[in-house]
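Note: the block below is final_3.cif and it holds mmCIF, C-alpha atoms.
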```
data_structure
loop_
_atom_site.label_atom_id
_atom_site.label_comp_id
_atom_site.auth_asym_id
_atom_site.auth_seq_id
_atom_site.Cartn_x
_atom_site.Cartn_y
_atom_site.Cartn_z
CA MET A 1218 -16.72 -9.52 17.45
CA LYS A 1219 -14.55 -6.73 16.02
CA GLU A 1220 -13.89 -6.57 12.29
CA TYR A 1221 -10.17 -7.21 12.87
CA ASP A 1222 -10.89 -10.33 14.94
CA LEU A 1223 -13.27 -11.67 12.29
CA SER A 1224 -10.61 -11.20 9.64
CA LEU A 1225 -8.04 -12.99 11.80
CA LEU A 1226 -10.49 -15.82 12.49
CA GLU A 1227 -11.01 -16.25 8.76
CA TRP A 1228 -7.27 -16.67 8.25
CA LEU A 1229 -6.89 -19.00 11.21
CA ASN A 1230 -9.50 -21.28 9.68
CA LYS A 1231 -7.74 -21.27 6.30
CA VAL A 1232 -4.06 -21.63 7.10
CA ASP A 1233 -1.98 -24.48 8.48
CA MET A 1234 0.31 -22.28 10.57
CA VAL A 1235 0.48 -18.68 11.80
CA PHE A 1236 3.69 -16.91 12.81
CA THR A 1237 3.96 -14.10 15.31
CA VAL A 1238 7.11 -12.07 16.03
CA SER A 1239 6.70 -12.08 19.81
CA GLU A 1240 5.34 -14.35 22.54
CA LYS A 1241 3.19 -11.46 23.74
CA THR A 1242 1.44 -11.29 20.37
CA ARG A 1243 1.02 -15.07 20.35
CA ARG A 1244 -0.61 -14.98 23.78
CA ASP A 1245 -2.88 -12.14 22.69
CA VAL A 1246 -4.13 -14.14 19.71
CA ILE A 1247 -4.59 -17.30 21.77
CA SER A 1248 -6.55 -15.37 24.41
CA ILE A 1249 -9.16 -14.60 21.73
CA PHE A 1250 -8.94 -17.86 19.79
CA PRO A 1251 -7.71 -20.56 22.21
CA ASP A 1252 -8.74 -23.40 19.90
CA PHE A 1253 -5.98 -22.45 17.45
CA HIS A 1254 -3.04 -22.44 19.87
CA LYS A 1255 -1.27 -25.33 18.12
CA LYS A 1256 -1.22 -23.41 14.84
CA ILE A 1257 0.46 -20.31 16.23
CA LYS A 1258 4.27 -20.18 16.46
CA THR A 1259 6.63 -17.39 17.55
CA ILE A 1260 9.74 -16.41 15.62
CA PRO A 1261 11.27 -13.07 16.67
CA ASN A 1262 12.84 -10.69 14.19
CA SER A 1263 16.57 -10.06 14.19
CA GLY A 1264 18.06 -6.62 14.64
CA LEU A 1265 21.11 -7.62 12.64
CA PRO A 1266 21.51 -6.91 8.94
CA THR A 1267 22.09 -9.83 6.60
CA LYS A 1268 25.52 -11.43 6.79
CA SER A 1269 26.64 -9.77 3.55
CA ALA A 1270 25.89 -6.34 5.00
CA PHE A 1271 27.22 -7.07 8.47
CA SER A 1272 30.81 -5.99 7.96
CA GLN A 1273 29.80 -2.83 6.12
CA THR A 1274 27.38 -1.84 8.86
CA PHE A 1275 29.75 -2.36 11.79
CA SER A 1276 33.20 -1.72 10.31
CA VAL A 1277 33.80 1.90 11.27
CA SER A 1278 37.57 2.24 10.84
CA GLU A 1279 39.65 4.12 13.36
CA GLU A 1280 40.48 6.90 10.93
CA ASN A 1281 36.80 7.43 10.10
CA SER A 1282 35.40 6.92 13.59
CA SER A 1283 36.34 10.47 14.59
CA GLN A 1284 33.81 11.74 12.07
CA LEU A 1285 31.06 10.07 14.10
CA ILE A 1286 32.05 11.65 17.41
CA THR A 1287 29.97 14.61 18.52
CA GLU A 1288 30.39 16.76 21.61
CA THR A 1289 26.62 16.99 22.03
CA PRO A 1290 24.99 13.83 23.40
CA ILE A 1291 22.38 12.56 20.93
CA PHE A 1292 19.20 10.68 21.80
CA TYR A 1293 17.92 8.86 18.72
CA TYR A 1294 14.43 7.54 17.96
CA PRO A 1295 14.12 5.88 14.52
CA SER A 1296 10.37 5.44 14.05
CA SER A 1297 7.55 6.86 11.97
CA PHE A 1298 5.30 9.26 13.80
CA GLY A 1299 2.27 7.45 15.21
CA ILE A 1300 0.01 7.44 18.23
CA TYR A 1301 1.38 4.20 19.63
CA LYS A 1302 5.00 5.12 18.94
CA ASP A 1303 4.41 7.90 21.51
CA HIS A 1304 6.70 10.64 20.31
CA LEU A 1305 4.64 12.92 22.56
CA THR A 1306 6.06 11.40 25.75
CA LEU A 1307 9.58 11.79 24.38
CA ILE A 1308 8.93 15.42 23.44
CA LYS A 1309 7.58 16.19 26.92
CA ALA A 1310 10.57 14.50 28.56
CA GLY A 1311 12.98 16.33 26.27
CA ILE A 1312 11.40 19.68 27.15
CA LYS A 1313 11.87 18.93 30.86
CA LEU A 1314 15.58 18.36 30.25
CA ALA A 1315 15.84 21.45 28.05
CA GLN A 1316 14.35 23.57 30.82
CA LYS A 1317 17.29 22.48 32.98
CA ASN A 1318 19.68 23.80 30.32
CA LEU A 1319 21.23 20.38 29.81
CA LYS A 1320 23.27 19.79 26.69
CA PHE A 1321 21.76 17.24 24.27
CA LYS A 1322 19.94 16.77 20.98
CA ILE A 1323 17.01 14.51 20.10
CA ILE A 1324 17.00 13.16 16.55
CA LEU A 1325 13.77 11.70 15.12
CA ILE A 1326 13.85 9.72 11.89
CA GLY A 1327 10.80 8.21 10.24
CA LYS A 1328 7.75 9.11 8.22
CA GLU A 1329 6.11 12.42 9.27
CA THR A 1330 8.66 13.23 11.98
CA ASP A 1331 9.83 16.18 9.88
CA ASN A 1332 6.29 17.60 9.87
CA LEU A 1333 5.94 16.98 13.59
CA MET A 1334 9.05 19.01 14.39
CA ALA A 1335 7.95 21.76 12.00
CA GLY A 1336 4.60 22.17 13.76
CA LYS A 1337 2.61 20.56 10.92
CA PHE A 1338 0.34 18.09 12.66
CA SER A 1339 -1.17 15.24 10.69
CA LEU A 1340 -1.06 11.49 10.87
CA SER A 1341 -1.66 8.97 8.11
CA GLN A 1342 -2.60 6.39 10.77
CA GLN A 1343 -5.76 6.34 12.90
CA SER A 1344 -6.84 9.54 11.16
CA HIS A 1345 -10.54 9.16 11.90
CA SER A 1346 -10.42 8.19 15.56
CA GLN A 1347 -11.06 10.35 18.60
CA GLU A 1348 -7.76 9.11 19.98
CA TYR A 1349 -6.06 10.55 16.90
CA ALA A 1350 -7.68 13.95 17.34
CA HIS A 1351 -6.82 14.10 21.05
CA TYR A 1352 -3.22 13.06 20.44
CA LEU A 1353 -2.63 15.66 17.75
CA HIS A 1354 -4.25 18.34 19.91
CA GLN A 1355 -1.77 17.56 22.68
CA CYS A 1356 1.13 17.69 20.20
CA GLN A 1357 -0.08 21.05 18.94
CA GLN A 1358 -0.35 22.49 22.45
CA ILE A 1359 3.12 21.27 23.42
CA TYR A 1360 4.59 22.74 20.24
CA GLN A 1361 2.90 26.11 20.65
CA ASN A 1362 4.00 26.42 24.28
CA ASN A 1363 7.58 25.29 23.67
CA GLU A 1364 8.37 26.12 20.05
CA ASN A 1365 11.76 27.70 20.75
CA LEU A 1366 12.97 24.79 22.89
CA ILE A 1367 11.75 22.25 20.34
CA LYS A 1368 13.58 24.01 17.52
CA GLU A 1369 16.77 24.14 19.60
CA TYR A 1370 16.82 20.61 21.00
CA PHE A 1371 14.88 18.50 18.48
CA GLU A 1372 15.35 17.62 14.84
CA GLY A 1373 12.85 15.67 12.75
CA LEU A 1374 14.38 14.24 9.57
CA GLY A 1375 11.33 12.46 8.17
CA TYR A 1376 11.69 9.35 6.02
CA CYS A 1377 15.38 8.65 5.31
CA GLU A 1378 17.31 6.10 3.32
CA GLU A 1379 18.90 3.19 5.17
CA GLU A 1380 22.39 4.67 5.06
CA VAL A 1381 21.17 7.83 6.85
CA VAL A 1382 19.35 5.77 9.48
CA GLU A 1383 22.55 3.77 10.00
CA ARG A 1384 24.71 6.89 10.21
CA TRP A 1385 22.62 8.23 13.09
CA TYR A 1386 22.79 4.88 14.86
CA GLN A 1387 26.55 5.26 14.73
CA LYS A 1388 26.54 8.91 15.82
CA CYS A 1389 24.02 8.73 18.67
CA SER A 1390 24.80 8.33 22.36
CA CYS A 1391 21.61 6.47 23.25
CA VAL A 1392 18.53 5.12 21.48
CA VAL A 1393 15.16 5.96 23.06
CA VAL A 1394 12.11 3.81 22.29
CA PRO A 1395 9.05 5.14 24.20
CA SER A 1396 6.31 3.15 22.42
CA LYS A 1397 2.92 2.55 24.04
CA TYR A 1398 2.40 -0.59 21.95
CA GLU A 1399 4.47 -2.76 19.63
CA GLY A 1400 4.00 -6.11 17.99
CA PHE A 1401 7.78 -6.37 18.12
CA GLY A 1402 9.60 -3.01 17.96
CA LEU A 1403 12.58 -3.51 15.67
CA ALA A 1404 14.37 -0.30 16.72
CA LEU A 1405 15.23 -1.86 20.08
CA SER A 1406 16.88 -4.93 18.54
CA GLU A 1407 18.67 -2.79 15.97
CA ALA A 1408 20.12 -0.68 18.78
CA ILE A 1409 21.12 -3.67 20.89
CA VAL A 1410 23.03 -5.46 18.16
CA ARG A 1411 24.93 -2.25 17.43
CA GLY A 1412 26.05 -2.22 21.06
CA LEU A 1413 24.14 0.96 21.88
CA PRO A 1414 22.66 1.96 25.24
CA VAL A 1415 18.85 2.04 25.13
CA ILE A 1416 16.07 3.64 27.14
CA ALA A 1417 12.77 1.87 26.43
CA SER A 1418 9.23 1.67 27.72
CA ASN A 1419 8.63 -1.49 29.72
CA LEU A 1420 6.58 -3.35 27.11
CA GLU A 1421 6.61 -7.13 27.28
CA VAL A 1422 7.81 -7.37 23.68
CA PHE A 1423 10.84 -5.24 24.57
CA GLN A 1424 11.59 -7.37 27.60
CA GLU A 1425 11.47 -10.43 25.34
CA GLN A 1426 14.16 -8.90 23.12
CA VAL A 1427 16.40 -8.14 26.10
CA GLU A 1428 16.04 -11.76 27.17
CA LEU A 1429 16.77 -12.97 23.62
CA TYR A 1430 20.01 -11.01 23.44
CA LYS A 1431 20.92 -11.25 27.17
CA CYS A 1432 21.63 -7.53 27.30
CA SER A 1433 19.94 -6.15 30.41
CA ALA A 1434 23.00 -4.03 31.18
CA LEU A 1435 22.47 -2.07 27.96
CA VAL A 1436 18.76 -1.30 28.44
CA ASN A 1437 16.99 0.87 31.00
CA PHE A 1438 13.22 0.45 31.16
CA PHE A 1439 10.72 3.08 32.27
CA PRO A 1440 6.92 2.82 32.80
CA THR A 1441 5.04 3.37 29.55
CA SER A 1442 3.91 6.99 28.98
CA ASP A 1443 5.58 8.16 32.22
CA VAL A 1444 7.14 11.48 31.20
CA GLU A 1445 8.88 12.05 34.54
CA ALA A 1446 10.44 8.58 34.56
CA LEU A 1447 11.66 8.95 30.97
CA ALA A 1448 13.12 12.39 31.68
CA ASN A 1449 14.92 11.00 34.74
CA SER A 1450 16.36 8.10 32.73
CA MET A 1451 17.56 10.45 30.01
CA GLU A 1452 19.11 12.80 32.57
CA ARG A 1453 20.96 9.91 34.21
CA SER A 1454 22.20 8.94 30.75
CA LEU A 1455 23.59 12.44 30.26
CA ILE A 1456 25.25 12.58 33.69
CA ASN A 1457 26.59 9.04 33.71
CA PRO A 1458 26.51 7.71 30.13
CA LYS A 1459 26.87 4.03 29.37
CA ASN A 1460 29.66 3.03 27.04
CA LYS A 1461 28.86 1.67 23.62
CA LEU A 1462 30.14 -1.78 22.78
CA THR A 1463 32.78 -2.05 20.10
CA ALA A 1464 31.80 -3.65 16.81
CA LYS A 1465 33.72 -6.82 17.74
CA GLU A 1466 32.08 -7.02 21.16
CA ALA A 1467 28.62 -6.56 19.64
CA GLU A 1468 29.24 -9.23 17.01
CA LYS A 1469 30.56 -11.67 19.61
CA ARG A 1470 27.61 -11.19 21.95
CA PHE A 1471 24.68 -10.82 19.57
CA TYR A 1472 25.42 -12.89 16.50
CA HIS A 1473 23.54 -15.87 17.95
CA TRP A 1474 20.22 -14.57 16.54
CA THR A 1475 20.42 -13.34 12.93
CA TRP A 1476 17.99 -13.37 10.04
CA ASN A 1477 19.59 -16.65 8.99
CA HIS A 1478 18.59 -18.16 12.33
CA ALA A 1479 15.07 -16.76 11.97
CA ALA A 1480 14.80 -18.17 8.44
CA LYS A 1481 15.98 -21.59 9.64
CA GLN A 1482 13.30 -21.61 12.33
CA TYR A 1483 10.61 -20.82 9.74
CA ILE A 1484 11.88 -23.73 7.64
CA ASP A 1485 11.94 -26.06 10.67
CA PHE A 1486 8.34 -25.20 11.62
CA LEU A 1487 7.08 -25.51 8.07
CA GLY A 1488 8.84 -28.84 7.79
CA GLN A 1489 6.58 -30.15 10.55
CA LEU A 1490 3.45 -29.73 8.45
#
```
Could you show the structure in this file as structure tokens?
Amino acid sequence: MKEYDLSLLEWLNKVDMVFTVSEKTRRDVISIFPDFHKKIKTIPNSGLPTKSAFSQTFSVSEENSSQLITETPIFYYPSSFGIYKDHLTLIKAGIKLAQKNLKFKIILIGKETDNLMAGKFSLSQQSHSQEYAHYLHQCQQIYQNNENLIKEYFEGLGYCEEEVVERWYQKCSCVVVPSKYEGFGLALSEAIVRGLPVIASNLEVFQEQVELYKCSALVNFFPTSDVEALANSMERSLINPKNKLTAKEAEKRFYHWTWNHAAKQYIDFLGQL
């Protein structure tokens, strides 16, 4: 048994209840440890800020909204650089679009994305695995062969404060989430509740979030790691962009699952012990 599984088994034997943030994760755990299925409960995260921050996050006034409008369509991926976040597929897709001379920008926010876009290749995660070495080698090759296009069409901002992350949510045309794996994938929910169009890999955890928020019209899925499919989805978004929801529309549609609702569900489950 793997070291991770042994550690999880130790906790399963000790605790009265385990919480997962997706049904997919719950099923994965149960597939390894079926005897513990009654202990494992699912409570998804919320993409919404707390109620006290809600109005500040979504109240872009009419006089200030013009400051957020940009003539260049912006694809936005708020995630630290990592193998399973799969920035590489997004970079390859972006290069395909750039070679067609389409007008757009790809903004990356998150730890080490600034180094990635500067051609400095290192990862704090999985740093000793063969998968890590192979992934970084591919990134290096792509960068060397397309440095000028990457500098023109991509921007890596690295780790940013919450207000900067929020500002780019407001400025972007579409959020792209190309992950190979996620336990949940909060960027998708954060985009949905802000009424933003999304292009996402077809992970089960992402499909769960779309079902939670009943927002299939906002989200286009593509097969995981399929560069051609992602590029096609992004091109369609440029040619025929989906409209963002207004702040009021987003609040009306997506306020049924907030952190308060998640907290209440934790309390309800714990009350059963």
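The residue that comes closest to Lys1258 in chain A, out of A:Val1238, A:Lys1388, A:Val1422, A:Leu1490 and on the basis of all atoms listed in the file, is A:Val1238.
Distance check against Ser1418 in chain A using all atoms listed in the file: of A:Tyr1294, A:Tyr1301, A:Phe1438, A:Tyr1221, the minimum falls on A:Phe1438.
Counting only C-alpha atoms and comparing A:Ile1257, A:Leu1319, A:Ile1416, A:Val1427, the residue that lies closest to Leu1455 in chain A is A:Leu1319.
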For this session: Any chance you could resolve the PyMOL selection byres ((chain A and resi 1222-1225) around 12) against this file and give the residues as a PyMOL selection string?
Result: chain A and resi 1218-1221+1226-1232+1235+1245-1250+1253
Exercise. Which residues match the PyMOL selection byres ((chain A and resi 1368-1375) around 6) in the file above, as number ranges by chain?
Worked result: A: 1322-1331, 1334, 1365-1367, 1376
Exercise. Just so the selection is clear, what residues does the PyMOL selection byres ((chain A and resi 1423) around 12) cover here, as a PyMOL selection string?
Worked result: chain A and resi 1238-1242+1261-1262+1394-1409+1415-1422+1424-1430+1432-1433+1436-1439+1441
Could range 1455-1468 of chain A be completed with N, CA and C atoms and written as an mmCIF file, in the frame of the given file, please?
```cif
data_model
loop_
_atom_site.group_PDB
_atom_site.id
_atom_site.type_symbol
_atom_site.label_atom_id
_atom_site.label_comp_id
_atom_site.auth_asym_id
_atom_site.auth_seq_id
_atom_site.Cartn_x
_atom_site.Cartn_y
_atom_site.Cartn_z
ATOM 1 N N LEU A 1455 22.717 11.296 30.550
ATOM 2 C CA LEU A 1455 23.590 12.440 30.260
ATOM 3 C C LEU A 1455 24.673 12.600 31.313
ATOM 4 N N ILE A 1456 24.307 12.385 32.581
ATOM 5 C CA ILE A 1456 25.250 12.580 33.690
ATOM 6 C C ILE A 1456 26.252 11.442 33.782
ATOM 7 N N ASN A 1457 25.741 10.223 33.582
ATOM 8 C CA ASN A 1457 26.590 9.040 33.710
ATOM 9 C C ASN A 1457 26.341 8.105 32.520
ATOM 10 N N PRO A 1458 26.836 8.471 31.348
ATOM 11 C CA PRO A 1458 26.510 7.710 30.130
ATOM 12 C C PRO A 1458 27.103 6.314 30.134
ATOM 13 N N LYS A 1459 26.355 5.379 29.561
ATOM 14 C CA LYS A 1459 26.870 4.030 29.370
ATOM 15 C C LYS A 1459 27.742 3.983 28.130
ATOM 16 N N ASN A 1460 28.775 3.173 28.182
ATOM 17 C CA ASN A 1460 29.660 3.030 27.040
ATOM 18 C C ASN A 1460 29.006 2.168 25.960
ATOM 19 N N LYS A 1461 29.262 2.524 24.726
ATOM 20 C CA LYS A 1461 28.860 1.670 23.620
ATOM 21 C C LYS A 1461 29.789 0.462 23.558
ATOM 22 N N LEU A 1462 29.284 -0.638 23.050
ATOM 23 C CA LEU A 1462 30.140 -1.780 22.780
ATOM 24 C C LEU A 1462 30.884 -1.557 21.473
ATOM 25 N N THR A 1463 32.072 -2.100 21.375
ATOM 26 C CA THR A 1463 32.780 -2.050 20.100
ATOM 27 C C THR A 1463 32.079 -2.990 19.111
ATOM 28 N N ALA A 1464 32.389 -2.801 17.836
ATOM 29 C CA ALA A 1464 31.800 -3.650 16.810
ATOM 30 C C ALA A 1464 32.100 -5.124 17.059
ATOM 31 N N LYS A 1465 33.339 -5.424 17.479
ATOM 32 C CA LYS A 1465 33.720 -6.820 17.740
ATOM 33 C C LYS A 1465 32.967 -7.383 18.939
ATOM 34 N N GLU A 1466 32.822 -6.563 19.988
ATOM 35 C CA GLU A 1466 32.080 -7.020 21.160
ATOM 36 C C GLU A 1466 30.619 -7.289 20.806
ATOM 37 N N ALA A 1467 30.017 -6.383 20.029
ATOM 38 C CA ALA A 1467 28.620 -6.560 19.640
ATOM 39 C C ALA A 1467 28.437 -7.815 18.800
ATOM 40 N N GLU A 1468 29.346 -8.037 17.866
ATOM 41 C CA GLU A 1468 29.240 -9.230 17.010
ATOM 42 C C GLU A 1468 29.398 -10.495 17.855
#
```
